[in-house]
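Engineer: Pasting target-v8.tsv here (TSV, C-alpha atoms):
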chain	number	residue	atom	x	y	z
A	290	MET	CA	130.09	79.93	107.15
A	291	GLY	CA	128.24	79.13	103.95
A	292	PHE	CA	124.83	77.57	103.48
A	293	PRO	CA	124.59	73.80	102.92
A	294	LYS	CA	124.76	72.22	99.51
A	295	GLY	CA	121.43	72.45	97.72
A	296	PHE	CA	120.70	76.06	98.63
A	297	ARG	CA	120.58	78.51	95.73
A	298	GLU	CA	120.82	82.29	95.70
A	299	PHE	CA	118.12	84.56	94.31
A	300	ASP	CA	117.43	88.24	93.70
A	301	ILE	CA	113.77	89.25	93.57
A	302	ASP	CA	112.43	92.67	92.57
A	303	THR	CA	109.89	94.17	94.99
A	304	THR	CA	108.03	97.46	95.00
A	305	ALA	CA	110.86	99.17	96.87
A	306	GLY	CA	113.90	97.45	95.39
A	307	THR	CA	115.65	94.09	95.08
A	308	ILE	CA	115.86	91.54	97.88
A	309	HIS	CA	118.70	89.03	97.93
A	310	GLY	CA	118.48	85.66	99.61
A	311	VAL	CA	118.90	81.91	99.48
A	312	ILE	CA	116.41	79.05	99.32
A	313	GLY	CA	116.76	75.32	99.90
A	314	GLY	CA	115.17	72.24	101.42
A	315	GLN	CA	111.75	70.64	101.07
A	316	GLY	CA	108.50	71.06	102.93
A	317	PRO	CA	106.44	73.95	104.31
A	318	PRO	CA	108.07	77.36	103.78
A	319	LEU	CA	109.99	78.99	106.64
A	320	LEU	CA	111.31	82.54	106.19
A	321	LEU	CA	114.37	83.55	108.27
A	322	LEU	CA	115.13	87.25	108.86
A	323	HIS	CA	118.46	88.47	110.24
A	324	GLY	CA	119.28	91.21	112.73
A	325	PHE	CA	121.77	94.07	113.09
A	326	PRO	CA	124.61	94.15	112.10
A	327	GLN	CA	124.31	90.94	110.13
A	328	THR	CA	122.99	89.45	106.90
A	329	HIS	CA	121.21	86.22	105.98
A	330	LEU	CA	124.54	84.44	106.64
A	331	MET	CA	123.70	84.37	110.36
A	332	TRP	CA	121.27	81.50	109.69
A	333	ALA	CA	123.75	79.21	107.90
A	334	ALA	CA	124.38	76.93	110.89
A	335	VAL	CA	120.67	76.20	111.44
A	336	ALA	CA	119.79	75.84	107.77
A	337	ALA	CA	120.72	72.16	107.31
A	338	PRO	CA	118.58	70.70	110.13
A	339	LEU	CA	115.66	72.96	109.23
A	340	ALA	CA	115.88	72.14	105.52
A	341	SER	CA	115.25	68.45	106.22
A	342	GLY	CA	111.58	69.28	106.76
A	343	HIS	CA	111.10	72.81	105.48
A	344	THR	CA	111.71	74.94	102.43
A	345	VAL	CA	114.03	77.45	104.09
A	346	VAL	CA	114.21	81.00	102.76
A	347	ALA	CA	116.80	83.39	104.27
A	348	THR	CA	116.94	86.95	102.99
A	349	ASP	CA	118.86	90.17	103.46
A	350	LEU	CA	116.64	92.96	104.76
A	351	ARG	CA	116.47	96.02	102.55
A	352	GLY	CA	119.73	97.96	102.96
A	353	TYR	CA	121.75	94.97	104.14
A	354	GLY	CA	124.01	92.44	102.39
A	355	GLY	CA	123.07	91.85	98.77
A	356	SER	CA	119.67	93.59	98.89
A	357	SER	CA	119.30	97.05	97.42
A	358	ALA	CA	119.47	100.20	99.52
A	359	PRO	CA	117.18	102.78	97.93
A	360	SER	CA	117.34	106.29	99.32
A	361	PRO	CA	115.20	106.80	102.44
A	362	SER	CA	113.77	109.86	100.67
A	363	VAL	CA	111.90	107.55	98.29
A	364	ALA	CA	111.51	104.33	100.30
A	365	ASP	CA	109.64	103.48	103.52
A	366	TYR	CA	112.20	102.14	106.00
A	367	SER	CA	109.66	101.45	108.73
A	368	MET	CA	109.10	97.83	109.64
A	369	ARG	CA	105.79	98.08	107.80
A	370	GLY	CA	107.74	98.84	104.63
A	371	LEU	CA	110.33	96.10	105.25
A	372	ALA	CA	107.59	93.57	106.02
A	373	LEU	CA	105.96	94.36	102.69
A	374	ASP	CA	109.29	93.59	100.95
A	375	GLN	CA	109.36	90.15	102.50
A	376	THR	CA	105.74	89.27	101.74
A	377	GLU	CA	106.38	90.21	98.12
A	378	VAL	CA	109.43	87.93	98.07
A	379	MET	CA	107.41	85.01	99.40
A	380	THR	CA	104.67	85.67	96.84
A	381	ALA	CA	107.26	85.67	94.05
A	382	LEU	CA	108.60	82.33	95.35
A	383	GLY	CA	105.06	80.88	95.21
A	384	PHE	CA	104.25	80.85	98.95
A	385	ASP	CA	100.91	82.33	99.98
A	386	ARG	CA	101.24	81.27	103.61
A	387	PHE	CA	104.44	80.60	105.52
A	388	ASP	CA	106.18	80.48	108.89
A	389	VAL	CA	108.62	83.25	109.80
A	390	ALA	CA	111.42	83.56	112.35
A	391	GLY	CA	113.37	86.73	112.98
A	392	HIS	CA	116.27	87.82	115.15
A	393	ASP	CA	116.79	91.39	116.40
A	394	ARG	CA	115.70	93.77	113.58
A	395	GLY	CA	114.45	90.78	111.61
A	396	ALA	CA	112.20	89.85	114.51
A	397	ARG	CA	110.70	93.34	114.43
A	398	CYS	CA	110.02	92.90	110.74
A	399	ALA	CA	108.53	89.46	111.43
A	400	TYR	CA	106.06	90.53	114.11
A	401	ARG	CA	105.00	93.56	112.05
A	402	MET	CA	104.34	91.12	109.19
A	403	ALA	CA	102.17	89.00	111.48
A	404	ILE	CA	100.18	92.12	112.45
A	405	ASP	CA	99.83	93.62	108.96
A	406	HIS	CA	99.50	90.37	107.00
A	407	PRO	CA	97.90	87.80	109.36
A	408	GLU	CA	96.59	85.79	106.45
A	409	ARG	CA	100.17	85.16	105.31
A	410	VAL	CA	101.91	84.17	108.57
A	411	ALA	CA	101.14	80.71	109.97
A	412	ARG	CA	103.63	80.73	112.87
A	413	LEU	CA	105.98	83.37	114.24
A	414	ALA	CA	109.27	83.15	116.18
A	415	VAL	CA	110.95	86.25	117.63
A	416	LEU	CA	114.51	86.07	118.99
A	417	ASP	CA	115.90	88.35	121.71
A	418	ILE	CA	113.48	91.26	121.45
A	419	VAL	CA	110.45	92.81	123.05
A	420	PRO	CA	108.19	94.97	120.85
A	421	THR	CA	109.66	98.30	119.86
A	422	ALA	CA	107.14	100.48	121.70
A	423	GLU	CA	107.56	98.40	124.85
A	424	ALA	CA	111.31	99.01	124.76
A	425	PHE	CA	110.99	102.77	124.26
A	426	ASP	CA	108.17	103.19	126.78
A	427	ARG	CA	110.15	101.33	129.46
A	428	ALA	CA	113.44	103.09	128.64
A	429	ASP	CA	115.54	104.08	131.65
A	430	HIS	CA	119.16	104.59	132.67
A	431	SER	CA	120.07	100.96	131.84
A	432	PHE	CA	118.39	101.15	128.43
A	433	ALA	CA	120.14	104.41	127.57
A	434	LEU	CA	123.56	102.88	128.25
A	435	GLY	CA	122.90	99.30	127.16
A	436	PHE	CA	120.93	100.00	123.96
A	437	TRP	CA	122.88	103.12	122.98
A	438	VAL	CA	122.90	101.91	119.36
A	439	TRP	CA	119.16	102.71	119.17
A	440	SER	CA	119.80	106.40	119.91
A	441	PHE	CA	123.10	106.64	118.06
A	442	LEU	CA	121.81	105.29	114.74
A	443	ALA	CA	118.58	107.29	115.04
A	444	ALA	CA	120.46	110.58	115.48
A	445	PRO	CA	120.03	113.19	112.71
A	446	ALA	CA	121.79	112.49	109.42
A	447	PRO	CA	124.62	112.55	108.55
A	448	VAL	CA	126.20	112.43	112.02
A	449	PRO	CA	126.02	108.65	112.70
A	450	GLU	CA	126.70	107.89	109.04
A	451	ASN	CA	129.92	109.91	109.05
A	452	LEU	CA	131.12	108.48	112.35
A	453	ILE	CA	130.47	104.88	111.28
A	454	LEU	CA	132.16	105.31	107.90
A	455	ALA	CA	135.21	106.74	109.66
A	456	GLY	CA	135.64	103.56	111.70
A	457	ALA	CA	133.33	100.87	110.41
A	458	ASP	CA	135.40	97.81	111.31
A	459	GLY	CA	135.96	98.89	114.89
A	460	PHE	CA	132.28	99.72	115.33
A	461	ILE	CA	131.06	96.35	114.03
A	462	ASP	CA	133.72	94.36	115.88
A	463	HIS	CA	132.71	96.08	119.12
A	464	VAL	CA	129.02	95.22	118.63
A	465	LEU	CA	129.76	91.59	117.75
A	466	GLU	CA	132.13	91.09	120.66
A	467	VAL	CA	130.15	92.89	123.37
A	468	TRP	CA	126.72	91.47	122.49
A	469	ALA	CA	127.96	87.88	122.23
A	470	ASP	CA	128.78	85.78	125.29
A	471	PRO	CA	132.48	85.83	126.29
A	472	GLY	CA	134.58	83.39	124.31
A	473	PHE	CA	132.37	83.14	121.23
A	474	GLU	CA	134.15	83.78	117.92
A	475	PHE	CA	132.35	84.59	114.67
A	476	ALA	CA	133.52	82.85	111.52
A	477	GLU	CA	135.97	85.23	109.85
A	478	ASP	CA	134.11	85.17	106.50
A	479	ASP	CA	130.90	86.17	108.27
A	480	ARG	CA	132.61	88.94	110.24
A	481	LEU	CA	134.07	90.34	107.00
A	482	ALA	CA	130.64	90.24	105.33
A	483	TYR	CA	129.06	92.07	108.26
A	484	ARG	CA	131.80	94.69	108.23
A	485	ARG	CA	131.75	95.19	104.46
A	486	GLN	CA	128.23	96.60	104.28
A	487	PHE	CA	129.18	99.35	106.75
A	488	HIS	CA	131.79	100.69	104.32
A	489	ASP	CA	128.99	101.59	101.87
A	490	ARG	CA	127.42	105.00	102.58
A	491	SER	CA	124.10	104.11	100.95
A	492	ARG	CA	123.78	101.03	103.18
A	493	VAL	CA	124.76	102.87	106.34
A	494	HIS	CA	122.21	105.57	105.51
A	495	ALA	CA	119.53	102.92	104.92
A	496	ILE	CA	120.30	101.13	108.18
A	497	CYS	CA	120.21	104.41	110.11
A	498	ALA	CA	116.87	105.15	108.43
A	499	GLN	CA	115.48	101.94	109.95
A	500	TYR	CA	116.48	103.08	113.42
A	501	ARG	CA	115.03	106.56	112.82
A	502	CYS	CA	111.77	104.92	111.81
A	503	ALA	CA	111.90	102.66	114.87
A	504	ALA	CA	111.89	105.68	117.17
A	505	THR	CA	108.98	107.29	115.32
A	506	ILE	CA	106.79	105.30	112.91
A	507	ASP	CA	107.41	101.83	114.33
A	508	ALA	CA	106.86	102.84	117.94
A	509	ASP	CA	103.70	104.78	117.04
A	510	LEU	CA	102.27	101.88	115.03
A	511	ASP	CA	103.00	99.53	117.92
A	512	ARG	CA	101.11	101.76	120.33
A	513	ILE	CA	98.12	101.75	117.99
A	514	ASP	CA	98.15	98.11	116.96
A	515	GLY	CA	99.40	96.33	120.08
A	516	PRO	CA	96.08	96.38	121.94
A	517	ARG	CA	93.88	96.61	118.83
A	518	ARG	CA	95.35	93.92	116.58
A	519	PRO	CA	96.92	91.15	118.69
A	520	ILE	CA	99.01	88.60	116.82
A	521	SER	CA	96.74	85.63	116.17
A	522	CYS	CA	99.22	82.96	115.12
A	523	PRO	CA	101.24	80.73	117.49
A	524	THR	CA	104.27	82.71	118.66
A	525	LEU	CA	107.62	81.43	119.94
A	526	VAL	CA	109.78	83.78	122.04
A	527	LEU	CA	113.46	82.98	122.65
A	528	TRP	CA	115.97	85.21	124.39
A	529	SER	CA	119.51	85.23	125.78
A	530	ALA	CA	119.76	84.06	129.40
A	531	SER	CA	122.74	86.39	129.90
A	532	GLY	CA	121.53	89.40	127.95
A	533	ALA	CA	119.53	92.55	128.53
A	534	LEU	CA	116.09	91.02	128.07
A	535	ALA	CA	116.67	88.55	130.88
A	536	GLN	CA	117.85	91.36	133.17
A	537	TRP	CA	115.29	94.04	132.34
A	538	TYR	CA	112.05	92.30	131.36
A	539	GLU	CA	109.73	89.32	131.75
A	540	PRO	CA	109.63	88.59	128.00
A	541	LEU	CA	106.79	86.05	128.05
A	542	ASP	CA	104.58	88.33	130.13
A	543	ILE	CA	105.15	91.15	127.64
A	544	TRP	CA	104.55	89.02	124.56
A	545	ARG	CA	101.34	87.57	126.03
A	546	ARG	CA	99.88	91.05	125.73
A	547	TRP	CA	100.78	91.05	122.05
A	548	SER	CA	99.92	87.53	120.93
A	549	THR	CA	97.07	85.18	121.77
A	550	GLN	CA	99.30	82.06	121.71
A	551	VAL	CA	102.78	82.40	123.23
A	552	GLU	CA	105.46	79.98	124.37
A	553	GLY	CA	109.21	80.25	124.83
A	554	GLU	CA	112.23	80.32	127.09
A	555	SER	CA	115.69	81.77	127.59
A	556	MET	CA	118.75	80.10	126.08
A	557	ARG	CA	122.35	79.82	127.27
A	558	ALA	CA	123.92	82.10	124.72
A	559	GLY	CA	124.52	85.77	124.08
A	560	HIS	CA	122.44	88.00	121.82
A	561	PHE	CA	123.34	86.16	118.61
A	562	LEU	CA	121.38	82.99	119.39
A	563	PRO	CA	121.41	81.27	115.96
A	564	GLU	CA	125.18	81.64	115.66
A	565	GLU	CA	126.13	81.06	119.29
A	566	ALA	CA	123.70	78.19	119.96
A	567	PRO	CA	122.65	76.75	116.56
A	568	ASP	CA	121.85	73.29	117.96
A	569	LEU	CA	119.54	74.70	120.63
A	570	VAL	CA	117.82	77.05	118.18
A	571	SER	CA	117.43	74.33	115.53
A	572	ARG	CA	115.92	71.89	118.00
A	573	ARG	CA	113.48	74.45	119.37
A	574	PHE	CA	112.47	75.57	115.88
A	575	LEU	CA	111.83	71.99	114.79
A	576	GLU	CA	109.62	71.47	117.85
A	577	PHE	CA	107.68	74.66	117.23
A	578	PHE	CA	107.43	74.75	113.45
A	579	GLY	CA	106.81	71.01	113.17
Please express what this file holds, its structure, as structure tokens.
Structural biologist:
Amino acid sequence: MGFPKGFREFDIDTTAGTIHGVIGGQGPPLLLLHGFPQTHLMWAAVAAPLASGHTVVATDLRGYGGSSAPSPSVADYSMRGLALDQTEVMTALGFDRFDVAGHDRGARCAYRMAIDHPERVARLAVLDIVPTAEAFDRADHSFALGFWVWSFLAAPAPVPENLILAGADGFIDHVLEVWADPGFEFAEDDRLAYRRQFHDRSRVHAICAQYRCAATIDADLDRIDGPRRPISCPTLVLWSASGALAQWYEPLDIWRRWSTQVEGESMRAGHFLPEEAPDLVSRRFLEFFG
């Protein structure tokens, strides 16, 4: 599914590489950050209603889609590093202060941005996550089996890279099908785009580097900053009513320890909320972001 008419593509050079994305609409800026295993295309269905009152920016995280994938030996693949990419993009587009919404890995980038750059983020929405350190510190038998991707992708190189490249399409199809609610079908063009990036060794290596950083740098930074630097901007938390968060956690209770202003609810959809329930997500975003 493509973005509505009026959106244009861009490629912006940052300190660590080039970030690809699209921009369209009019009004206050709203940055949308995708999750694993997707690209900015996951936001296409919510872009039109949001663009009626916002300048919508949707990017590919470093390593994904059309963004560059510099070697992890020379680039910081922690969420601190990825958040810096996105703030530099928004500066280049002329936005000093903006709203940000992220799903899955993009949500981890978004809340790190709100912690590290509070002067830049006006409002924050996080979709279907709890903070990284909270997830690791509460890990149990269910987490080990349900979130196996966290351990698999964080395993020492090049083991996960080689296994993924040997069967990329089957791996991505499994993730998309199992994490979505039964009966949901991804647009074939989107599925192909999500698969394609996992045929590129440099991208697979970059994506694994993010998960390796999650288990080390990101979790450690969370443990330091969670109690010391609470998120000060209004924060919206949305999660799947049928997914792991609803079964394992009380998401609002957790996020109220991380942010001074929290609201949110579960939604009738699987993990991929913006694609499975675009009308619900659009309506809730318009209420929250104004």
Engineer: May I ask which of the residues A:Gln536, A:Thr524, A:Ser356, A:Gln327 is the closest one to His309 of chain A, counting all atoms listed in the file?
Structural biologist: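 Counting all atoms listed in the file, the residue closest to His309 of chain A is A:Ser356.
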Engineer: Just the number, please: distance in Å from atom CA of Tyr483 of chain A to atom CA of Ala396 of chain A, one decimal.
Structural biologist: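 Computed distance, atom CA of Tyr483 of chain A to atom CA of Ala396 of chain A, equals 18.1 Å.
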Engineer: Using only C-alpha atoms, find the one residue out of A:Ser521, A:Ser357, A:Gln499, A:Thr505 that sits nearest to Val551 of chain A.
Structural biologist: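 Of the candidates, the smallest distance to Val551 of chain A is held by A:Ser521.
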Engineer: Mind giving me the straight-line distance from atom CA of Ser531 of chain A to atom CA of Ala476 of chain A in Å, one decimal?
Structural biologist: 21.6 Å
Engineer: Taking into account only C-alpha atoms, which residue in the set A:Asp489, A:Glu474, A:Asp302, A:Asp479 is nearest to Gln375 of chain A?
Structural biologist: A:Asp302
Engineer: Quick check, in Å to one decimal: how far apart do atom CA of Phe578 of chain A and atom CA of Asp514 of chain A lie?
Structural biologist: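 Calculated distance between atom CA of Phe578 of chain A and atom CA of Asp514 of chain A is 25.4 Å.
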Engineer: Just want the 12 Å neighbourhood of Val419 of chain A, counted on all atoms listed in the file, with same-chain residues fewer than 2 positions away dropped. Output as a short mmCIF file (atom, residue, chain, number, x, y, z; two decimals) with C-alpha atoms, in the coordinates of the input.
Structural biologist:
data_model
loop_
_atom_site.label_atom_id
_atom_site.label_comp_id
_atom_site.auth_asym_id
_atom_site.auth_seq_id
_atom_site.Cartn_x
_atom_site.Cartn_y
_atom_site.Cartn_z
CA HIS A 392 116.27 87.82 115.15
CA ASP A 393 116.79 91.39 116.40
CA ARG A 394 115.70 93.77 113.58
CA ALA A 396 112.20 89.85 114.51
CA ARG A 397 110.70 93.34 114.43
CA TYR A 400 106.06 90.53 114.11
CA ALA A 414 109.27 83.15 116.18
CA VAL A 415 110.95 86.25 117.63
CA LEU A 416 114.51 86.07 118.99
CA ASP A 417 115.90 88.35 121.71
CA THR A 421 109.66 98.30 119.86
CA ALA A 422 107.14 100.48 121.70
CA GLU A 423 107.56 98.40 124.85
CA ALA A 424 111.31 99.01 124.76
CA PHE A 425 110.99 102.77 124.26
CA ASP A 426 108.17 103.19 126.78
CA ARG A 427 110.15 101.33 129.46
CA ALA A 508 106.86 102.84 117.94
CA ASP A 511 103.00 99.53 117.92
CA GLY A 515 99.40 96.33 120.08
CA VAL A 526 109.78 83.78 122.04
CA LEU A 527 113.46 82.98 122.65
CA TRP A 528 115.97 85.21 124.39
CA ALA A 533 119.53 92.55 128.53
CA LEU A 534 116.09 91.02 128.07
CA ALA A 535 116.67 88.55 130.88
CA TRP A 537 115.29 94.04 132.34
CA TYR A 538 112.05 92.30 131.36
CA GLU A 539 109.73 89.32 131.75
CA PRO A 540 109.63 88.59 128.00
CA LEU A 541 106.79 86.05 128.05
CA ASP A 542 104.58 88.33 130.13
CA ILE A 543 105.15 91.15 127.64
CA TRP A 544 104.55 89.02 124.56
CA ARG A 545 101.34 87.57 126.03
CA ARG A 546 99.88 91.05 125.73
CA TRP A 547 100.78 91.05 122.05
CA SER A 548 99.92 87.53 120.93
#
Engineer: So which residues fall inside 12 Å of (122.2, 71.1, 116.1) if we count all atoms listed in the file? Mind giving them as a list of chain:residue names?
Structural biologist: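 The answer, in the requested form, is A:Ala333, A:Ala334, A:Val335, A:Ala336, A:Ala337, A:Pro338, A:Leu339, A:Pro563, A:Glu564, A:Glu565, A:Ala566, A:Pro567, A:Asp568, A:Leu569, A:Val570, A:Ser571, A:Arg572, A:Arg573, A:Phe574, A:Leu575.
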